[in-house]
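Chemist: My structure is stored as my_file18.txt, with compact mmCIF, C-alpha atoms and all ligand atoms.
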```
# COMPACT_ATOMS: atom_id res chain seq x y z
CA MET A 29 -1.70 15.18 24.32
CA THR A 30 2.08 15.45 24.51
CA TYR A 31 4.57 14.20 21.95
CA GLU A 32 5.33 11.26 24.29
CA ALA A 33 1.62 10.43 24.63
CA ILE A 34 1.04 10.38 20.88
CA THR A 35 4.12 8.18 20.41
CA GLU A 36 2.74 5.78 23.02
CA VAL A 37 -0.79 5.65 21.52
CA VAL A 38 0.50 5.11 17.98
CA GLY A 39 3.08 2.60 19.25
CA ASN A 40 0.35 0.62 21.02
CA ILE A 41 -1.90 0.59 17.95
CA ASP A 42 1.08 -0.57 15.87
CA LEU A 43 1.83 -3.29 18.42
CA ILE A 44 -1.78 -4.52 18.50
CA PHE A 45 -1.83 -5.02 14.71
CA LEU A 46 1.65 -6.57 14.82
CA LEU A 47 0.44 -9.12 17.38
CA ILE A 48 -2.75 -9.84 15.41
CA GLY A 49 -0.57 -10.30 12.31
CA ALA A 50 1.82 -12.62 14.17
CA ALA A 51 -1.09 -14.73 15.43
CA ILE A 52 -2.59 -14.99 11.93
CA LEU A 53 0.81 -15.90 10.46
CA LEU A 54 1.24 -18.66 13.02
CA ILE A 55 -2.19 -20.12 12.20
CA GLU A 56 -1.48 -19.78 8.45
CA ILE A 57 1.82 -21.66 8.74
CA VAL A 58 0.36 -24.41 10.95
CA GLY A 59 -2.60 -24.70 8.54
CA MET A 60 -0.30 -25.02 5.52
CA LEU A 61 1.88 -27.59 7.29
CA VAL A 62 -1.16 -29.66 8.22
CA LYS A 63 -2.55 -29.50 4.68
CA GLY A 64 0.90 -30.10 3.22
CA THR A 65 0.73 -26.92 1.13
CA PHE A 66 3.75 -25.26 2.75
CA LYS A 67 6.23 -25.78 -0.07
CA ARG A 68 9.78 -24.61 -0.71
CA ARG A 69 8.23 -22.02 -3.02
CA THR A 70 6.03 -20.63 -0.19
CA LEU A 71 9.08 -20.17 2.00
CA PHE A 72 11.07 -18.46 -0.77
CA GLU A 73 8.13 -16.16 -1.59
CA MET A 74 8.02 -15.17 2.09
CA GLY A 75 11.77 -14.62 1.98
CA ALA A 76 11.40 -12.34 -1.07
CA SER A 77 8.70 -10.32 0.73
CA LEU A 78 10.79 -10.02 3.89
CA SER A 79 13.80 -8.91 1.81
CA THR A 80 12.06 -5.69 0.86
CA MET B 15 14.00 1.45 4.84
CA GLU B 16 10.51 2.45 5.94
CA THR B 17 11.90 3.75 9.25
CA VAL B 18 14.50 5.85 7.44
CA LEU B 19 11.81 7.30 5.18
CA LEU B 20 9.47 8.05 8.09
CA THR B 21 12.28 9.79 9.97
CA THR B 22 13.23 11.79 6.87
CA GLY B 23 9.55 12.55 6.33
CA TYR B 24 9.19 13.78 9.90
CA ALA B 25 12.22 16.06 9.52
CA LEU B 26 10.88 17.42 6.21
CA TYR B 27 7.41 18.04 7.68
CA TYR B 28 8.98 19.76 10.67
CA ILE B 29 11.02 22.12 8.48
CA ILE B 30 8.03 22.98 6.25
CA ALA B 31 5.75 23.50 9.26
CA GLU B 32 8.25 25.76 11.03
CA ALA B 33 8.82 27.85 7.92
CA THR B 34 5.30 28.22 6.60
CA VAL B 35 2.48 27.25 8.95
CA SER B 36 1.66 29.57 11.84
CA TRP B 37 -1.11 27.55 13.51
CA SER B 38 -1.78 23.94 14.26
CA ILE B 39 -4.61 21.62 15.21
CA PRO B 40 -3.99 20.66 18.86
CA LEU B 41 -2.66 17.20 19.63
CA THR B 42 -5.80 15.91 21.30
CA TRP B 43 -7.71 12.65 20.83
CA TRP B 44 -10.00 14.30 18.32
CA GLY B 45 -7.01 15.93 16.63
CA LEU B 46 -5.33 12.55 16.20
CA GLY B 47 -8.63 10.98 15.10
CA ALA B 48 -9.10 13.68 12.47
CA ALA B 49 -5.50 13.18 11.31
CA VAL B 50 -6.13 9.44 10.85
CA LEU B 51 -9.33 10.15 8.91
CA VAL B 52 -7.60 12.64 6.59
CA ALA B 53 -4.53 10.39 6.22
CA ASP B 54 -6.83 7.50 5.30
CA PHE B 55 -8.50 9.64 2.60
CA ILE B 56 -5.08 10.68 1.29
CA TYR B 57 -3.94 7.06 1.38
CA TYR B 58 -6.79 6.10 -0.95
CA TRP B 59 -5.53 8.58 -3.57
CA GLU B 60 -1.85 7.87 -2.90
CA HIS B 61 -2.56 4.20 -3.53
CA ARG B 62 -4.82 4.77 -6.52
CA ILE B 63 -2.32 7.06 -8.23
CA ALA B 64 0.46 4.50 -7.51
CA HIS B 65 -1.57 2.09 -9.65
CA GLU B 66 -2.35 4.61 -12.37
CA MET B 67 1.06 6.23 -12.92
CA ARG B 68 3.81 4.04 -14.40
CA LEU B 69 6.74 5.59 -12.50
CA LEU B 70 5.01 5.02 -9.15
CA TRP B 71 3.80 1.59 -10.26
CA THR B 72 7.43 0.44 -10.69
CA GLN B 73 7.61 0.67 -6.88
CA HIS B 74 4.12 -0.42 -5.85
CA ALA B 75 4.18 -3.43 -8.23
CA VAL B 76 6.61 -5.02 -5.76
CA HIS B 77 3.77 -5.26 -3.23
CA HIS B 78 1.57 -6.92 -5.85
CA SER B 79 4.08 -9.34 -7.33
CA SER B 80 3.49 -12.20 -4.88
CA ARG B 81 1.34 -15.10 -6.09
CA ASP B 82 0.65 -15.92 -2.44
CA MET B 83 -1.64 -14.01 -0.10
CA ASN B 84 -0.51 -14.29 3.48
CA ILE B 85 0.51 -11.96 6.29
CA VAL B 86 4.09 -11.74 5.05
CA THR B 87 2.82 -10.06 1.85
CA ALA B 88 1.92 -7.09 4.10
CA VAL B 89 5.59 -6.17 4.56
CA ARG B 90 6.44 -6.35 0.85
CA PHE B 91 7.17 -2.82 -0.45
CA GLY B 92 9.05 -1.21 -3.32
CA PRO B 93 12.41 0.29 -2.27
CA LEU B 94 11.28 3.90 -2.84
CA GLU B 95 7.54 3.56 -2.27
CA GLY B 96 7.74 5.60 0.93
CA VAL B 97 9.01 8.69 -0.91
CA TRP B 98 5.62 9.10 -2.61
CA ALA B 99 3.90 8.56 0.77
CA VAL B 100 5.94 11.36 2.37
CA ILE B 101 5.22 13.80 -0.49
CA VAL B 102 1.52 13.13 -0.75
CA HIS B 103 0.88 13.87 2.95
CA ILE B 104 2.51 17.34 2.84
CA PRO B 105 -0.88 19.07 2.30
CA MET B 106 -1.88 17.91 5.79
CA LEU B 107 0.66 20.39 7.18
CA PHE B 108 -1.20 23.26 5.53
CA MET B 109 -4.45 21.98 7.03
CA GLY B 110 -2.82 22.55 10.41
CA PHE B 111 -1.85 19.01 11.41
CA SER B 112 1.45 18.79 13.27
CA PRO B 113 4.30 16.63 11.91
CA GLU B 114 3.79 14.24 14.86
CA ALA B 115 0.09 13.82 14.07
CA ILE B 116 0.79 13.24 10.35
CA ILE B 117 3.48 10.61 10.91
CA GLY B 118 1.39 8.98 13.68
CA ALA B 119 -1.67 8.85 11.41
CA GLN B 120 0.35 7.33 8.55
CA ILE B 121 1.65 4.62 10.89
CA VAL B 122 -1.91 3.85 12.05
CA VAL B 123 -3.21 3.61 8.46
CA LEU B 124 -0.32 1.28 7.49
CA ALA B 125 -0.44 -0.81 10.67
CA TYR B 126 -4.18 -1.40 10.19
CA GLN B 127 -3.51 -3.02 6.83
CA THR B 128 -1.27 -5.79 8.19
CA TRP B 129 -4.14 -8.14 9.09
CA LEU B 130 -5.82 -7.65 5.68
CA HIS B 131 -3.27 -9.86 3.92
CA THR B 132 -4.71 -13.27 4.66
CA GLU B 133 -7.00 -15.95 3.24
CA LEU B 134 -7.75 -17.14 6.75
CA ILE B 135 -10.51 -14.63 7.49
CA GLY B 136 -13.75 -14.78 5.49
CA LYS B 137 -16.37 -12.04 5.21
CA LEU B 138 -17.11 -10.00 8.31
CA GLY B 139 -20.81 -9.12 8.00
CA PRO B 140 -21.77 -5.45 8.41
CA LEU B 141 -18.13 -4.44 8.96
CA GLU B 142 -17.62 -5.05 5.23
CA LEU B 143 -19.80 -2.00 4.51
CA VAL B 144 -17.52 0.48 6.24
CA LEU B 145 -14.11 -1.05 6.87
CA ASN B 146 -11.45 -2.43 4.60
CA THR B 147 -11.35 -6.16 5.39
CA PRO B 148 -9.29 -9.18 4.32
CA SER B 149 -12.01 -10.01 1.77
CA HIS B 150 -11.88 -6.52 0.21
CA HIS B 151 -8.09 -6.56 0.17
CA ARG B 152 -7.88 -10.00 -1.44
CA VAL B 153 -9.83 -8.41 -4.30
CA HIS B 154 -7.20 -5.64 -4.47
CA HIS B 155 -4.45 -8.25 -4.87
CA GLY B 156 -6.39 -10.20 -7.53
CA CYS B 157 -5.21 -10.06 -11.14
CA ASP B 158 -8.45 -11.40 -12.62
CA ASP B 159 -10.10 -8.83 -14.90
CA ILE B 160 -13.00 -8.04 -12.53
CA TYR B 161 -10.60 -7.42 -9.65
CA LEU B 162 -7.98 -5.25 -11.40
CA ASP B 163 -7.53 -1.74 -9.93
CA LYS B 164 -10.21 -2.10 -7.27
CA ASN B 165 -10.40 -1.54 -3.49
CA TYR B 166 -7.61 0.96 -2.90
CA ALA B 167 -8.73 1.73 0.66
CA GLY B 168 -6.52 1.78 3.73
CA ILE B 169 -8.88 1.63 6.72
CA LEU B 170 -12.27 2.79 5.39
CA ILE B 171 -13.70 1.06 2.31
CA ILE B 172 -16.17 3.93 1.97
CA TRP B 173 -13.64 5.80 -0.22
CA ASP B 174 -13.86 3.05 -2.86
CA ARG B 175 -17.63 3.03 -2.60
CA MET B 176 -17.64 6.83 -3.03
CA PHE B 177 -15.20 7.01 -5.93
CA GLY B 178 -16.45 4.01 -7.93
CA THR B 179 -13.57 1.58 -7.40
CA PHE B 180 -15.31 -0.87 -5.08
CA GLN B 181 -15.54 -4.56 -5.97
CA GLU B 182 -17.02 -7.33 -3.84
CA GLU B 183 -15.10 -10.62 -3.55
CA ILE B 184 -17.07 -13.08 -5.67
CA GLU B 185 -14.63 -15.93 -6.15
CA THR B 186 -11.14 -16.61 -4.84
CA PRO B 187 -8.81 -14.30 -6.77
CA ARG B 188 -5.66 -15.30 -8.58
CA TYR B 189 -3.06 -13.18 -6.79
CA GLY B 190 -0.12 -11.32 -8.28
CA LEU B 191 0.64 -9.26 -11.35
CA LYS B 192 -1.48 -9.45 -14.51
CA ARG B 193 1.58 -10.37 -16.56
CA GLU B 194 3.30 -13.70 -15.92
CA PHE B 195 5.65 -12.97 -13.06
CA ASP B 196 6.54 -15.59 -10.53
CA SER B 197 10.01 -14.97 -9.15
CA GLN B 198 11.20 -15.37 -5.60
CA ASN B 199 14.59 -13.83 -6.31
CA PRO B 200 14.69 -10.65 -4.16
CA PHE B 201 16.66 -8.66 -6.74
CA THR B 202 14.17 -9.56 -9.50
CA VAL B 203 11.26 -8.75 -7.18
CA TRP B 204 12.58 -5.29 -6.24
CA PHE B 205 13.25 -4.17 -9.80
CA SER B 206 10.87 -6.26 -11.91
CA GLU B 207 9.23 -3.29 -13.65
CA LEU B 208 12.40 -1.40 -14.51
CA PRO B 209 13.86 -3.30 -17.52
CA GLU B 210 10.71 -2.84 -19.61
CA LEU B 211 10.41 0.81 -18.61
CA TYR B 212 14.03 1.32 -19.62
CA GLN B 213 13.39 -0.33 -22.99
CA ASN B 214 10.30 1.83 -23.56
CA LEU B 215 12.16 5.04 -22.67
CA ARG B 216 15.03 4.14 -25.00
CA GLY B 217 12.57 3.55 -27.81
CA ALA B 218 10.56 6.73 -27.17
CA LYS B 219 10.35 9.02 -30.21
CA SER B 220 9.25 12.26 -28.55
CA GLY B 221 9.06 14.13 -25.27
CA TYR B 222 5.37 13.29 -25.20
CA GLU B 223 6.12 9.55 -25.33
CA ILE B 224 8.72 9.87 -22.56
CA ARG B 225 6.19 11.73 -20.39
CA MET B 226 3.51 9.13 -21.07
CA TYR B 227 5.85 6.22 -20.35
CA LEU B 228 6.77 7.80 -17.01
CA PHE B 229 3.56 9.47 -15.91
CA GLY B 230 0.89 7.76 -17.99
CA PRO B 231 -0.84 4.56 -16.96
CA PRO B 232 1.12 1.29 -16.85
CA GLY B 233 0.75 -0.49 -20.18
CA TRP B 234 0.40 2.76 -22.18
CA THR B 235 1.70 2.49 -25.75
CA PRO B 236 2.04 5.18 -28.47
CA ASN B 237 -0.91 3.51 -30.24
CA ASP B 238 -3.27 4.26 -27.34
ZN ZN C 1 -2.08 -1.76 -4.53
```
Will you turn the file into structure tokens for me?
Ligand SMILES: [Zn+2]
Modeler:
Amino acid sequence: MTYEAITEVVGNIDLIFLLIGAAILLIEIVGMLVKGTFKRRTLFEMGASLST
Amino acid sequence: METVLLTTGYALYYIIAEATVSWSIPLTWWGLGAAVLVADFIYYWEHRIAHEMRLLWTQHAVHHSSRDMNIVTAVRFGPLEGVWAVIVHIPMLFMGFSPEAIIGAQIVVLAYQTWLHTELIGKLGPLELVLNTPSHHRVHHGCDDIYLDKNYAGILIIWDRMFGTFQEEIETPRYGLKREFDSQNPFTVWFSELPELYQNLRGAKSGYEIRMYLFGPPGWTPND
């Protein structure tokens, strides 16, 4: 396995989990909006997490 | 920040490997698989020690300071958390893993954990026996007494089962830090553990107390 091959394999694994995460996040946000639990606080907590 | 640390880590591993290690495990599928397995074992201890040593906890507490449990929590890290990660994987070089394999394995172990930060997914049957799952990781983020300092695993939950830190999810945890902390101010979130540590260090009466405040468990007091 070359350096390029390992970069590609790891990159693909990373991408798969990123996409799974993005899909879950989308469902979470839609779910919270439907239930009315997506508050200002939720958004700010997400902002604080993303700031790190 | 994580990218900078990984790049620095790669450079450091490369220098150490060039200077000291004369052989290496080949970069094959099994070589990469073995690297992920070893990195996952190391991650268990890296994570456990980050909970048990105050200085490291000042960084890792950032990841635990959210009262919410959703996917975004997965990207919440202390500013210098990656430094400990780089250091703790150095022994892999002396086992013969190449810098590429070590960095690649660390990325796999971290990437796997993204999907664990959710309340959306319930229990996953027999997978719960072997793999770290959202249910197991919700326990890790719980601040209820039965959930504190449990389920440190990255990919394989077997490490917790082996080393006595496993806890099943019984009821929905209360997420976040044990102490009352509920700030969404980024600056407060990044440095929340530092003011108290500073106060403790200023009030320390001996070298022993300073060492214990820095390297002892979080919450240690001279009366312990
Ligand atoms: Zn933790």
Chemist: Go through B:Ala88, B:Met106, B:Met176, B:Leu41 and flag the residue nearest ligand ZN 1 (chain C), using all atoms listed in the file for the distances.
Modeler: B:Ala88
Chemist: Take every atom of stretch 69-75 of chain A listed in the file, pad by 6 Å on each side, and give me the axis-aligned box centre and edge lengths in Å, one decimal, as JSON.
Modeler:
```
{"center_x": 8.9, "center_y": -18.3, "center_z": -0.5, "size_x": 17.7, "size_y": 19.4, "size_z": 17.1}
```
Chemist: Measuring between all atoms listed in the file, which one of B:Leu215, B:Leu130, B:Cys157, B:Met226 shows the shortest distance to chain A?
Modeler: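 Nearest candidate to chain A out of B:Leu215, B:Leu130, B:Cys157, B:Met226: B:Leu130.
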Chemist: Residues within 7 Å of ligand ZN 1 (chain C), counting only C-alpha atoms and all ligand atoms: report them as an NGL selection string.
Modeler: :B and (61 or 65 or 74 or 77-78 or 154-155 or 166)
Chemist: Would you mind exporting C-alpha atoms of the selected residues as a short mmCIF file (atom, residue, chain, number, x, y, z; two decimals), in the frame of the given file?
Modeler:
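Wrote it out as part_1.cif, contents follow:
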```cif
data_model
loop_
_atom_site.label_atom_id
_atom_site.label_comp_id
_atom_site.auth_asym_id
_atom_site.auth_seq_id
_atom_site.Cartn_x
_atom_site.Cartn_y
_atom_site.Cartn_z
CA HIS B 61 -2.56 4.20 -3.53
CA HIS B 65 -1.57 2.09 -9.65
CA HIS B 74 4.12 -0.42 -5.85
CA HIS B 77 3.77 -5.26 -3.23
CA HIS B 78 1.57 -6.92 -5.85
CA HIS B 154 -7.20 -5.64 -4.47
CA HIS B 155 -4.45 -8.25 -4.87
CA TYR B 166 -7.61 0.96 -2.90
#
```
Chemist: Mind dumping a table of every chain A residue within 9 Å of chain B, with the nearest atom pair and its distance in Å to one decimal, using all atoms listed in the file, sorted by chain and rising number, as CSV?
Modeler:
```
residue,atom,partner,partner_atom,distance
A:Met29,CA,B:Thr42,CA,5.1
A:Thr30,CA,B:Leu41,CA,7.0
A:Tyr31,CA,B:Glu114,CA,7.1
A:Ile34,CA,B:Gly118,CA,7.3
A:Thr35,CA,B:Gly118,CA,7.3
A:Val37,CA,B:Gly118,CA,8.8
A:Val38,CA,B:Gly118,CA,5.9
A:Gly39,CA,B:Gly118,CA,8.6
A:Ile41,CA,B:Val122,CA,6.7
A:Asp42,CA,B:Ala125,CA,5.4
A:Leu43,CA,B:Ala125,CA,8.4
A:Ile44,CA,B:Ala125,CA,8.8
A:Phe45,CA,B:Ala125,CA,6.0
A:Leu46,CA,B:Thr128,CA,7.3
A:Ile48,CA,B:Trp129,CA,6.7
A:Gly49,CA,B:Trp129,CA,5.3
A:Ala50,CA,B:Ile85,CA,8.0
A:Ile52,CA,B:Ile85,CA,7.1
A:Leu53,CA,B:Ile85,CA,5.7
A:Ile55,CA,B:Leu134,CA,8.3
A:Glu56,CA,B:Leu134,CA,7.0
A:Arg69,CA,B:Gln198,CA,7.7
A:Thr70,CA,B:Asp82,CA,7.5
A:Phe72,CA,B:Gln198,CA,5.7
A:Glu73,CA,B:Gln198,CA,5.1
A:Met74,CA,B:Val86,CA,6.0
A:Gly75,CA,B:Gln198,CA,7.6
A:Ala76,CA,B:Pro200,CA,4.8
A:Ser77,CA,B:Arg90,CA,4.6
A:Leu78,CA,B:Arg90,CA,6.5
A:Ser79,CA,B:Pro200,CA,6.3
A:Thr80,CA,B:Arg90,CA,5.7
```
Chemist: Can I get the selected residues back with C-alpha atoms, as a compact mmCIF listing (two decimals), in the frame of the given file?
Modeler:
```txt
# COMPACT_ATOMS: atom_id res chain seq x y z
CA MET A 29 -1.70 15.18 24.32
CA THR A 30 2.08 15.45 24.51
CA TYR A 31 4.57 14.20 21.95
CA ILE A 34 1.04 10.38 20.88
CA THR A 35 4.12 8.18 20.41
CA VAL A 37 -0.79 5.65 21.52
CA VAL A 38 0.50 5.11 17.98
CA GLY A 39 3.08 2.60 19.25
CA ILE A 41 -1.90 0.59 17.95
CA ASP A 42 1.08 -0.57 15.87
CA LEU A 43 1.83 -3.29 18.42
CA ILE A 44 -1.78 -4.52 18.50
CA PHE A 45 -1.83 -5.02 14.71
CA LEU A 46 1.65 -6.57 14.82
CA ILE A 48 -2.75 -9.84 15.41
CA GLY A 49 -0.57 -10.30 12.31
CA ALA A 50 1.82 -12.62 14.17
CA ILE A 52 -2.59 -14.99 11.93
CA LEU A 53 0.81 -15.90 10.46
CA ILE A 55 -2.19 -20.12 12.20
CA GLU A 56 -1.48 -19.78 8.45
CA ARG A 69 8.23 -22.02 -3.02
CA THR A 70 6.03 -20.63 -0.19
CA PHE A 72 11.07 -18.46 -0.77
CA GLU A 73 8.13 -16.16 -1.59
CA MET A 74 8.02 -15.17 2.09
CA GLY A 75 11.77 -14.62 1.98
CA ALA A 76 11.40 -12.34 -1.07
CA SER A 77 8.70 -10.32 0.73
CA LEU A 78 10.79 -10.02 3.89
CA SER A 79 13.80 -8.91 1.81
CA THR A 80 12.06 -5.69 0.86
```
Chemist: Record the distance separating atom CA of B:Glu223 and atom CA of B:Pro236, expressed in Å with one decimal.
Modeler: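 Here the two named atoms are 6.8 Å from each other.
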Chemist: Work out how far apart atom CA of B:Ala75 and atom CA of B:Asn214 are and give it in Å to one decimal.
Modeler: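 Going from atom CA of B:Ala75 over to atom CA of B:Asn214 covers 17.3 Å.
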Chemist: Can you work out which one of B:Trp234, B:Tyr222, B:Phe55, B:Tyr212 has the shortest atom-to-atom distance to B:Arg68, counting all atoms listed in the file?
Modeler: B:Trp234
Chemist: Between atom CA of B:Thr34 and atom CA of B:Ile56, what distance in Å does the model show, to one decimal?
Modeler: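 Atom CA of B:Ile56 lies 21.1 Å from atom CA of B:Thr34.
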